[in-house]
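The file protein-v8.pdb contains PDB, N, CA and C atoms:
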```
ATOM      1  N   MET A 940     -16.900 -61.906   8.268
ATOM      2  CA  MET A 940     -15.967 -61.040   7.562
ATOM      3  C   MET A 940     -16.141 -59.589   8.000
ATOM      4  N   GLU A 941     -17.387 -59.205   8.269
ATOM      5  CA  GLU A 941     -17.644 -57.833   8.684
ATOM      6  C   GLU A 941     -16.954 -57.518  10.010
ATOM      7  N   ALA A 942     -17.031 -58.459  10.963
ATOM      8  CA  ALA A 942     -16.385 -58.252  12.259
ATOM      9  C   ALA A 942     -14.872 -58.119  12.095
ATOM     10  N   PHE A 943     -14.301 -58.910  11.191
ATOM     11  CA  PHE A 943     -12.869 -58.832  10.936
ATOM     12  C   PHE A 943     -12.483 -57.456  10.384
ATOM     13  N   LEU A 944     -13.232 -56.966   9.415
ATOM     14  CA  LEU A 944     -12.923 -55.660   8.817
ATOM     15  C   LEU A 944     -13.127 -54.519   9.813
ATOM     16  N   VAL A 945     -14.167 -54.618  10.632
ATOM     17  CA  VAL A 945     -14.396 -53.591  11.650
ATOM     18  C   VAL A 945     -13.255 -53.579  12.657
ATOM     19  N   SER A 946     -12.807 -54.752  13.100
ATOM     20  CA  SER A 946     -11.722 -54.800  14.083
ATOM     21  C   SER A 946     -10.411 -54.301  13.481
ATOM     22  N   ILE A 947     -10.122 -54.678  12.239
ATOM     23  CA  ILE A 947      -8.893 -54.200  11.588
ATOM     24  C   ILE A 947      -8.914 -52.684  11.442
ATOM     25  N   THR A 948     -10.051 -52.148  11.012
ATOM     26  CA  THR A 948     -10.176 -50.695  10.829
ATOM     27  C   THR A 948     -10.052 -49.970  12.162
ATOM     28  N   THR A 949     -10.696 -50.487  13.191
ATOM     29  CA  THR A 949     -10.640 -49.850  14.508
ATOM     30  C   THR A 949      -9.226 -49.839  15.069
ATOM     31  N   VAL A 950      -8.538 -50.947  14.982
ATOM     32  CA  VAL A 950      -7.165 -51.023  15.489
ATOM     33  C   VAL A 950      -6.242 -50.116  14.676
ATOM     34  N   ALA A 951      -6.411 -50.096  13.365
ATOM     35  CA  ALA A 951      -5.561 -49.255  12.520
ATOM     36  C   ALA A 951      -5.748 -47.778  12.863
ATOM     37  N   ILE A 952      -6.973 -47.356  13.065
ATOM     38  CA  ILE A 952      -7.234 -45.951  13.418
ATOM     39  C   ILE A 952      -6.695 -45.647  14.812
ATOM     40  N   ALA A 953      -6.896 -46.566  15.756
ATOM     41  CA  ALA A 953      -6.430 -46.343  17.127
ATOM     42  C   ALA A 953      -4.912 -46.292  17.205
ATOM     43  N   GLU A 954      -4.220 -47.065  16.388
ATOM     44  CA  GLU A 954      -2.760 -47.130  16.438
ATOM     45  C   GLU A 954      -2.089 -45.933  15.767
ATOM     46  N   MET A 955      -2.831 -45.132  15.045
ATOM     47  CA  MET A 955      -2.215 -43.992  14.371
ATOM     48  C   MET A 955      -2.122 -42.776  15.286
ATOM     49  N   GLY A 956      -2.351 -42.915  16.555
ATOM     50  CA  GLY A 956      -2.265 -41.797  17.491
ATOM     51  C   GLY A 956      -0.866 -41.618  18.028
ATOM     52  N   ASP A 957      -0.739 -40.753  19.017
ATOM     53  CA  ASP A 957       0.507 -40.493  19.723
ATOM     54  C   ASP A 957       1.629 -40.026  18.800
ATOM     55  N   ARG A 958       2.774 -40.692  18.869
ATOM     56  CA  ARG A 958       3.949 -40.249  18.102
ATOM     57  C   ARG A 958       3.725 -40.350  16.612
ATOM     58  N   THR A 959       2.999 -41.363  16.172
ATOM     59  CA  THR A 959       2.759 -41.518  14.746
ATOM     60  C   THR A 959       1.953 -40.344  14.210
ATOM     61  N   GLN A 960       0.991 -39.901  14.988
ATOM     62  CA  GLN A 960       0.172 -38.768  14.569
ATOM     63  C   GLN A 960       1.025 -37.508  14.471
ATOM     64  N   LEU A 961       1.878 -37.278  15.435
ATOM     65  CA  LEU A 961       2.744 -36.096  15.391
ATOM     66  C   LEU A 961       3.725 -36.163  14.224
ATOM     67  N   LEU A 962       4.300 -37.337  14.000
ATOM     68  CA  LEU A 962       5.223 -37.504  12.890
ATOM     69  C   LEU A 962       4.527 -37.275  11.557
ATOM     70  N   SER A 963       3.308 -37.825  11.390
ATOM     71  CA  SER A 963       2.579 -37.622  10.128
ATOM     72  C   SER A 963       2.242 -36.157   9.924
ATOM     73  N   LEU A 964       1.884 -35.462  11.002
ATOM     74  CA  LEU A 964       1.563 -34.039  10.893
ATOM     75  C   LEU A 964       2.785 -33.248  10.449
ATOM     76  N   VAL A 965       3.927 -33.530  11.038
ATOM     77  CA  VAL A 965       5.158 -32.831  10.673
ATOM     78  C   VAL A 965       5.555 -33.140   9.229
ATOM     79  N   LEU A 966       5.489 -34.406   8.844
ATOM     80  CA  LEU A 966       5.852 -34.771   7.470
ATOM     81  C   LEU A 966       4.886 -34.166   6.457
ATOM     82  N   ALA A 967       3.589 -34.189   6.765
ATOM     83  CA  ALA A 967       2.602 -33.620   5.842
ATOM     84  C   ALA A 967       2.784 -32.114   5.718
ATOM     85  N   ALA A 968       3.121 -31.449   6.822
ATOM     86  CA  ALA A 968       3.346 -30.007   6.767
ATOM     87  C   ALA A 968       4.624 -29.681   5.995
ATOM     88  N   HIS A 969       5.633 -30.516   6.129
ATOM     89  CA  HIS A 969       6.903 -30.253   5.460
ATOM     90  C   HIS A 969       6.824 -30.541   3.963
ATOM     91  N   TYR A 970       6.273 -31.687   3.590
ATOM     92  CA  TYR A 970       6.271 -32.098   2.189
ATOM     93  C   TYR A 970       5.001 -31.718   1.434
ATOM     94  N   ARG A 971       3.985 -31.252   2.132
ATOM     95  CA  ARG A 971       2.721 -30.818   1.527
ATOM     96  C   ARG A 971       2.046 -31.916   0.702
ATOM     97  N   LYS A 972       2.236 -33.170   1.093
ATOM     98  CA  LYS A 972       1.594 -34.309   0.434
ATOM     99  C   LYS A 972       1.047 -35.236   1.514
ATOM    100  N   PRO A 973      -0.133 -34.914   2.058
ATOM    101  CA  PRO A 973      -0.632 -35.706   3.189
ATOM    102  C   PRO A 973      -1.086 -37.110   2.823
ATOM    103  N   TRP A 974      -1.641 -37.321   1.635
ATOM    104  CA  TRP A 974      -2.197 -38.636   1.312
ATOM    105  C   TRP A 974      -1.146 -39.732   1.200
ATOM    106  N   PRO A 975      -0.026 -39.505   0.524
ATOM    107  CA  PRO A 975       0.989 -40.567   0.528
ATOM    108  C   PRO A 975       1.552 -40.852   1.924
ATOM    109  N   ILE A 976       1.639 -39.829   2.748
ATOM    110  CA  ILE A 976       2.159 -40.017   4.106
ATOM    111  C   ILE A 976       1.164 -40.823   4.934
ATOM    112  N   LEU A 977      -0.121 -40.487   4.857
ATOM    113  CA  LEU A 977      -1.126 -41.246   5.588
ATOM    114  C   LEU A 977      -1.219 -42.682   5.082
ATOM    115  N   ALA A 978      -1.082 -42.877   3.785
ATOM    116  CA  ALA A 978      -1.091 -44.237   3.236
ATOM    117  C   ALA A 978       0.101 -45.032   3.757
ATOM    118  N   GLY A 979       1.264 -44.395   3.839
ATOM    119  CA  GLY A 979       2.444 -45.065   4.384
ATOM    120  C   GLY A 979       2.279 -45.436   5.837
ATOM    121  N   VAL A 980       1.678 -44.536   6.625
ATOM    122  CA  VAL A 980       1.432 -44.815   8.038
ATOM    123  C   VAL A 980       0.462 -45.989   8.174
ATOM    124  N   LEU A 981      -0.591 -45.976   7.360
ATOM    125  CA  LEU A 981      -1.563 -47.070   7.407
ATOM    126  C   LEU A 981      -0.924 -48.403   7.027
ATOM    127  N   LEU A 982      -0.154 -48.420   5.968
ATOM    128  CA  LEU A 982       0.508 -49.666   5.539
ATOM    129  C   LEU A 982       1.511 -50.153   6.580
ATOM    130  N   ALA A 983       2.255 -49.233   7.171
ATOM    131  CA  ALA A 983       3.222 -49.627   8.195
ATOM    132  C   ALA A 983       2.514 -50.196   9.424
ATOM    133  N   THR A 984       1.386 -49.601   9.803
ATOM    134  CA  THR A 984       0.623 -50.098  10.944
ATOM    135  C   THR A 984       0.079 -51.493  10.664
ATOM    136  N   LEU A 985      -0.476 -51.686   9.474
ATOM    137  CA  LEU A 985      -0.999 -53.007   9.114
ATOM    138  C   LEU A 985       0.113 -54.048   9.042
ATOM    139  N   ALA A 986       1.265 -53.677   8.496
ATOM    140  CA  ALA A 986       2.393 -54.605   8.434
ATOM    141  C   ALA A 986       2.883 -54.967   9.832
ATOM    142  N   ASN A 987       2.922 -53.983  10.724
ATOM    143  CA  ASN A 987       3.345 -54.220  12.100
ATOM    144  C   ASN A 987       2.404 -55.197  12.795
ATOM    145  N   HIS A 988       1.106 -55.014  12.612
ATOM    146  CA  HIS A 988       0.145 -55.906  13.252
ATOM    147  C   HIS A 988       0.167 -57.296  12.622
ATOM    148  N   ALA A 989       0.369 -57.362  11.331
ATOM    149  CA  ALA A 989       0.463 -58.676  10.681
ATOM    150  C   ALA A 989       1.674 -59.440  11.197
ATOM    151  N   LEU A 990       2.802 -58.762  11.311
ATOM    152  CA  LEU A 990       4.007 -59.406  11.827
ATOM    153  C   LEU A 990       3.815 -59.853  13.275
ATOM    154  N   ALA A 991       3.187 -59.007  14.081
ATOM    155  CA  ALA A 991       2.928 -59.377  15.472
ATOM    156  C   ALA A 991       2.007 -60.589  15.547
ATOM    157  N   GLY A 992       1.019 -60.638  14.671
ATOM    158  CA  GLY A 992       0.113 -61.790  14.645
ATOM    159  C   GLY A 992       0.824 -63.063  14.236
ATOM    160  N   ILE A 993       1.688 -62.968  13.232
ATOM    161  CA  ILE A 993       2.439 -64.144  12.771
ATOM    162  C   ILE A 993       3.363 -64.658  13.875
ATOM    163  N   ILE A 994       4.055 -63.744  14.527
ATOM    164  CA  ILE A 994       4.945 -64.145  15.627
ATOM    165  C   ILE A 994       4.135 -64.729  16.781
ATOM    166  N   GLY A 995       2.960 -64.144  17.067
ATOM    167  CA  GLY A 995       2.105 -64.665  18.128
ATOM    168  C   GLY A 995       1.626 -66.076  17.846
ATOM    169  N   VAL A 996       1.250 -66.341  16.604
ATOM    170  CA  VAL A 996       0.821 -67.688  16.226
ATOM    171  C   VAL A 996       1.993 -68.658  16.346
ATOM    172  N   TRP A 997       3.171 -68.223  15.931
ATOM    173  CA  TRP A 997       4.346 -69.082  16.002
ATOM    174  C   TRP A 997       4.676 -69.437  17.448
ATOM    175  N   PHE A 998       4.686 -68.403  18.338
ATOM    176  CA  PHE A 998       4.953 -68.669  19.751
ATOM    177  C   PHE A 998       3.843 -69.500  20.381
ATOM    178  N   GLY A 999       2.612 -69.339  19.900
ATOM    179  CA  GLY A 999       1.487 -70.089  20.442
ATOM    180  C   GLY A 999       1.632 -71.585  20.277
ATOM    181  N   LYS A1000       2.382 -71.999  19.275
ATOM    182  CA  LYS A1000       2.600 -73.434  19.060
ATOM    183  C   LYS A1000       3.460 -74.046  20.165
ATOM    184  N   PHE A1001       4.307 -73.221  20.776
ATOM    185  CA  PHE A1001       5.243 -73.721  21.783
ATOM    186  C   PHE A1001       4.729 -73.581  23.214
ATOM    187  N   LEU A1002       3.686 -72.789  23.419
ATOM    188  CA  LEU A1002       3.205 -72.520  24.764
ATOM    189  C   LEU A1002       1.918 -73.283  25.049
ATOM    190  N   SER A1003       1.936 -74.077  26.096
ATOM    191  CA  SER A1003       0.705 -74.710  26.561
ATOM    192  C   SER A1003      -0.025 -73.687  27.433
ATOM    193  N   PRO A1004      -1.320 -73.870  27.682
ATOM    194  CA  PRO A1004      -2.032 -72.906  28.533
ATOM    195  C   PRO A1004      -1.401 -72.747  29.920
ATOM    196  N   ALA A1005      -0.931 -73.832  30.519
ATOM    197  CA  ALA A1005      -0.311 -73.741  31.848
ATOM    198  C   ALA A1005       0.999 -72.960  31.785
ATOM    199  N   LEU A1006       1.809 -73.211  30.750
ATOM    200  CA  LEU A1006       3.073 -72.486  30.602
ATOM    201  C   LEU A1006       2.815 -71.013  30.317
ATOM    202  N   LEU A1007       1.811 -70.718  29.494
ATOM    203  CA  LEU A1007       1.468 -69.336  29.194
ATOM    204  C   LEU A1007       1.032 -68.599  30.457
ATOM    205  N   ASP A1008       0.195 -69.236  31.270
ATOM    206  CA  ASP A1008      -0.225 -68.627  32.539
ATOM    207  C   ASP A1008       0.975 -68.339  33.435
ATOM    208  N   SER A1009       1.911 -69.270  33.495
ATOM    209  CA  SER A1009       3.104 -69.086  34.328
ATOM    210  C   SER A1009       3.965 -67.933  33.815
ATOM    211  N   VAL A1010       4.180 -67.878  32.507
ATOM    212  CA  VAL A1010       5.000 -66.824  31.924
ATOM    213  C   VAL A1010       4.359 -65.452  32.155
ATOM    214  N   VAL A1011       3.048 -65.366  31.943
ATOM    215  CA  VAL A1011       2.351 -64.098  32.164
ATOM    216  C   VAL A1011       2.404 -63.714  33.645
ATOM    217  N   GLY A1012       2.189 -64.664  34.539
ATOM    218  CA  GLY A1012       2.242 -64.375  35.973
ATOM    219  C   GLY A1012       3.603 -63.885  36.420
ATOM    220  N   VAL A1013       4.656 -64.561  35.979
ATOM    221  CA  VAL A1013       6.019 -64.146  36.347
ATOM    222  C   VAL A1013       6.336 -62.772  35.765
ATOM    223  N   SER A1014       5.921 -62.522  34.529
ATOM    224  CA  SER A1014       6.210 -61.214  33.924
ATOM    225  C   SER A1014       5.451 -60.095  34.631
ATOM    226  N   MET A1015       4.240 -60.362  35.093
ATOM    227  CA  MET A1015       3.475 -59.352  35.849
ATOM    228  C   MET A1015       4.159 -59.034  37.177
ATOM    229  N   ILE A1016       4.618 -60.057  37.870
ATOM    230  CA  ILE A1016       5.313 -59.833  39.140
ATOM    231  C   ILE A1016       6.623 -59.088  38.903
ATOM    232  N   ALA A1017       7.370 -59.471  37.862
ATOM    233  CA  ALA A1017       8.629 -58.782  37.547
ATOM    234  C   ALA A1017       8.369 -57.311  37.209
ATOM    235  N   MET A1018       7.324 -57.042  36.457
ATOM    236  CA  MET A1018       7.005 -55.658  36.112
ATOM    237  C   MET A1018       6.605 -54.865  37.356
ATOM    238  N   ALA A1019       5.831 -55.482  38.247
ATOM    239  CA  ALA A1019       5.436 -54.805  39.489
ATOM    240  C   ALA A1019       6.654 -54.472  40.342
ATOM    241  N   LEU A1020       7.607 -55.400  40.442
ATOM    242  CA  LEU A1020       8.824 -55.136  41.217
ATOM    243  C   LEU A1020       9.672 -54.048  40.559
ATOM    244  N   TRP A1021       9.717 -54.050  39.238
ATOM    245  CA  TRP A1021      10.496 -53.045  38.524
ATOM    246  C   TRP A1021       9.903 -51.655  38.711
ATOM    247  N   VAL A1022       8.578 -51.553  38.728
ATOM    248  CA  VAL A1022       7.914 -50.264  38.912
ATOM    249  C   VAL A1022       8.167 -49.732  40.320
ATOM    250  N   LEU A1023       8.318 -50.606  41.294
ATOM    251  CA  LEU A1023       8.572 -50.170  42.671
ATOM    252  C   LEU A1023       9.987 -49.617  42.869
ATOM    253  N   LYS A1024      10.901 -49.939  41.966
ATOM    254  CA  LYS A1024      12.282 -49.466  42.085
ATOM    255  C   LYS A1024      12.338 -47.983  41.705
ATOM    256  N   PRO A1025      12.865 -47.134  42.582
ATOM    257  CA  PRO A1025      12.915 -45.703  42.262
ATOM    258  C   PRO A1025      13.918 -45.401  41.151
ATOM    259  N   ASP A1026      13.639 -44.358  40.400
ATOM    260  CA  ASP A1026      14.543 -43.932  39.341
ATOM    261  C   ASP A1026      15.754 -43.231  39.935
ATOM    262  N   SER A1027      16.871 -43.273  39.216
ATOM    263  CA  SER A1027      18.061 -42.548  39.635
ATOM    264  C   SER A1027      18.714 -41.953  38.402
ATOM    265  N   LEU A1028      19.501 -40.914  38.618
ATOM    266  CA  LEU A1028      20.228 -40.303  37.511
ATOM    267  C   LEU A1028      21.428 -41.164  37.171
ATOM    268  N   ASP A1029      21.636 -41.425  35.904
ATOM    269  CA  ASP A1029      22.770 -42.247  35.479
ATOM    270  C   ASP A1029      24.079 -41.504  35.689
ATOM    271  N   GLY A1030      25.027 -42.132  36.359
ATOM    272  CA  GLY A1030      26.355 -41.587  36.535
ATOM    273  C   GLY A1030      26.462 -40.484  37.577
ATOM    274  N   ALA A1031      25.380 -40.132  38.229
ATOM    275  CA  ALA A1031      25.433 -39.065  39.232
ATOM    276  C   ALA A1031      25.580 -39.676  40.619
ATOM    277  N   SER A1032      26.326 -38.983  41.469
ATOM    278  CA  SER A1032      26.460 -39.457  42.839
ATOM    279  C   SER A1032      25.162 -39.159  43.595
ATOM    280  N   PRO A1033      24.887 -39.891  44.684
ATOM    281  CA  PRO A1033      23.647 -39.654  45.433
ATOM    282  C   PRO A1033      23.531 -38.226  45.962
ATOM    283  N   ALA A1034      24.658 -37.592  46.328
ATOM    284  CA  ALA A1034      24.611 -36.224  46.836
ATOM    285  C   ALA A1034      24.142 -35.261  45.749
ATOM    286  N   ILE A1035      24.646 -35.450  44.540
ATOM    287  CA  ILE A1035      24.240 -34.580  43.431
ATOM    288  C   ILE A1035      22.775 -34.839  43.081
ATOM    289  N   ALA A1036      22.373 -36.087  43.059
ATOM    290  CA  ALA A1036      20.997 -36.426  42.744
ATOM    291  C   ALA A1036      20.046 -35.836  43.778
ATOM    292  N   GLY A1037      20.452 -35.888  45.070
ATOM    293  CA  GLY A1037      19.613 -35.312  46.126
ATOM    294  C   GLY A1037      19.536 -33.801  46.010
ATOM    295  N   ALA A1038      20.632 -33.157  45.631
ATOM    296  CA  ALA A1038      20.630 -31.705  45.491
ATOM    297  C   ALA A1038      19.736 -31.274  44.330
ATOM    298  N   ARG A1039      19.747 -32.025  43.250
ATOM    299  CA  ARG A1039      18.914 -31.684  42.114
ATOM    300  C   ARG A1039      17.444 -31.884  42.391
ATOM    301  N   SER A1040      17.114 -32.923  43.149
ATOM    302  CA  SER A1040      15.695 -33.198  43.404
ATOM    303  C   SER A1040      15.123 -32.283  44.462
ATOM    304  N   SER A1041      15.976 -31.591  45.265
ATOM    305  CA  SER A1041      15.459 -30.720  46.321
ATOM    306  C   SER A1041      15.120 -29.324  45.820
ATOM    307  N   ARG A1042      15.470 -29.025  44.578
ATOM    308  CA  ARG A1042      15.122 -27.711  44.034
ATOM    309  C   ARG A1042      13.628 -27.646  43.741
ATOM    310  N   PRO A1043      13.035 -26.435  43.901
ATOM    311  CA  PRO A1043      11.593 -26.307  43.643
ATOM    312  C   PRO A1043      11.247 -26.384  42.188
TER     313      PRO A1043
END
```
Please go through the file and, once you have read it, give me the structure as C-alpha coordinates.
Amino acid sequence: MEAFLVSITTVAIAEMGDRTQLLSLVLAAHYRKPWPILAGVLLATLANHALAGIIGVWFGKFLSPALLDSVVGVSMIAMALWVLKPDSLDGASPAIAGARSSRP
(Lines of atoms letter the chains of each structure in order from A and count residues from 1; the text may use other names and numbers.)
(Lines give C-alpha, C1' and ligand atoms only; values in the text may rest on other atoms or scores of the structure.)
Protein backbone atom coordinates (compact mmCIF):
# COMPACT_ATOMS: atom_id res chain seq x y z
CA MET A 1 0.00 0.00 0.00
CA GLU A 2 2.88 2.34 0.76
CA ALA A 3 4.34 1.92 -2.74
CA PHE A 4 0.92 2.66 -4.23
CA LEU A 5 0.51 5.88 -2.23
CA VAL A 6 4.06 7.01 -3.00
CA SER A 7 3.56 6.44 -6.74
CA ILE A 8 0.17 8.21 -6.76
CA THR A 9 1.61 11.18 -4.86
CA THR A 10 4.68 11.38 -7.09
CA VAL A 11 2.67 11.28 -10.31
CA ALA A 12 0.14 13.81 -9.00
CA ILE A 13 2.90 16.27 -8.07
CA ALA A 14 4.76 15.71 -11.35
CA GLU A 15 1.61 16.23 -13.44
CA MET A 16 0.83 19.60 -11.88
CA GLY A 17 3.66 21.27 -13.81
CA ASP A 18 3.74 23.12 -17.12
CA ARG A 19 0.43 24.65 -18.23
CA THR A 20 -1.45 23.48 -15.17
CA GLN A 21 1.01 25.25 -12.92
CA LEU A 22 0.70 28.49 -14.88
CA LEU A 23 -3.09 28.26 -14.94
CA SER A 24 -3.24 27.64 -11.17
CA LEU A 25 -0.92 30.58 -10.54
CA VAL A 26 -3.08 32.90 -12.65
CA LEU A 27 -6.33 31.68 -11.06
CA ALA A 28 -4.91 31.92 -7.53
CA ALA A 29 -3.64 35.44 -8.20
CA HIS A 30 -6.97 36.51 -9.69
CA TYR A 31 -9.35 34.97 -7.15
CA ARG A 32 -7.04 35.11 -4.10
CA LYS A 33 -8.13 31.60 -3.02
CA PRO A 34 -5.21 29.24 -3.71
CA TRP A 35 -6.37 26.22 -1.69
CA PRO A 36 -9.62 25.51 -3.54
CA ILE A 37 -7.80 25.98 -6.85
CA LEU A 38 -5.00 23.59 -5.87
CA ALA A 39 -7.55 21.07 -4.60
CA GLY A 40 -9.38 21.29 -7.93
CA VAL A 41 -6.15 20.76 -9.87
CA LEU A 42 -5.30 17.76 -7.70
CA LEU A 43 -8.75 16.21 -8.10
CA ALA A 44 -8.74 16.79 -11.85
CA THR A 45 -5.30 15.19 -12.15
CA LEU A 46 -6.37 12.16 -10.13
CA ALA A 47 -9.59 11.82 -12.15
CA ASN A 48 -7.62 12.05 -15.39
CA HIS A 49 -5.24 9.30 -14.30
CA ALA A 50 -8.06 7.11 -13.03
CA LEU A 51 -9.87 7.42 -16.35
CA ALA A 52 -6.67 6.66 -18.26
CA GLY A 53 -6.11 3.59 -16.09
CA ILE A 54 -9.67 2.35 -16.63
CA ILE A 55 -9.40 2.81 -20.39
CA GLY A 56 -5.97 1.11 -20.36
CA VAL A 57 -7.36 -1.91 -18.53
CA TRP A 58 -10.29 -2.07 -20.94
CA PHE A 59 -8.02 -1.94 -24.01
CA GLY A 60 -5.69 -4.46 -22.36
CA LYS A 61 -8.42 -7.08 -22.57
CA PHE A 62 -8.42 -6.83 -26.37
CA LEU A 63 -4.67 -6.72 -26.99
CA SER A 64 -2.47 -9.79 -26.90
CA PRO A 65 1.25 -9.21 -26.24
CA ALA A 66 2.09 -9.84 -29.92
CA LEU A 67 -0.61 -7.43 -31.13
CA LEU A 68 0.49 -4.81 -28.59
CA ASP A 69 4.11 -5.09 -29.77
CA SER A 70 2.97 -4.67 -33.38
CA VAL A 71 0.78 -1.65 -32.61
CA VAL A 72 3.56 0.03 -30.62
CA GLY A 73 6.13 -0.72 -33.34
CA VAL A 74 3.95 0.66 -36.13
CA SER A 75 3.10 3.77 -34.10
CA MET A 76 6.80 4.41 -33.40
CA ILE A 77 7.66 4.15 -37.09
CA ALA A 78 4.71 6.39 -38.03
CA MET A 79 5.79 8.98 -35.46
CA ALA A 80 9.39 8.87 -36.73
CA LEU A 81 8.21 9.44 -40.32
CA TRP A 82 5.93 12.26 -39.21
CA VAL A 83 8.78 14.00 -37.37
CA LEU A 84 10.92 13.85 -40.52
CA LYS A 85 8.28 15.77 -42.50
CA PRO A 86 9.16 19.48 -42.54
CA ASP A 87 6.65 22.02 -41.28
CA SER A 88 4.95 24.41 -43.68
CA LEU A 89 2.77 27.47 -43.30
CA ASP A 90 -0.91 26.71 -43.81
CA GLY A 91 -2.37 28.35 -46.90
CA ALA A 92 0.87 30.10 -47.89
CA SER A 93 2.51 29.62 -51.25
CA PRO A 94 6.08 28.22 -51.26
CA ALA A 95 7.46 31.59 -52.45
CA ILE A 96 5.92 33.42 -49.51
CA ALA A 97 7.02 30.73 -47.08
CA GLY A 98 10.59 30.93 -48.44
CA ALA A 99 10.61 34.72 -48.17
CA ARG A 100 9.47 34.60 -44.56
CA SER A 101 12.01 31.99 -43.53
CA SER A 102 14.92 33.89 -45.14
CA ARG A 103 14.53 36.88 -42.85
CA PRO A 104 17.06 37.12 -39.99
Pick out the closest residue to Gln960 of chain A from this set: A:Leu981, A:Val1013, A:Ile994, A:Leu1023. Count only C-alpha atoms.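 Smallest distance to Gln960 of chain A is found for A:Leu981.
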Output the residue selection produced by the PyMOL selection byres (((chain A and resi 984 and name CA) around 12) and name CA) on the file above, formatted as an MDAnalysis selection string. chainID A and resid 947:956 959:960 977:983 985:991
Residues of chain A classed as alpha helix (DSSP H) by DSSP on the backbone are to be reported as a count of residues only. 83
Mind giving me the straight-line distance from atom CA of Ile976 of chain A to atom CA of Leu961 of chain A in Å, one decimal? 12.0 Å
Report, in Å to a single decimal, how far apart atom N of Gly1012 of chain A and atom C of Lys1024 of chain A are.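 Pair atom C of Lys1024 of chain A / atom N of Gly1012 of chain A returns 20.8 Å.
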For atom CA of Ser1003 of chain A and atom CA of Met1015 of chain A, the interatomic separation in Å (one decimal):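 Distance between the two atoms: 18.2 Å.
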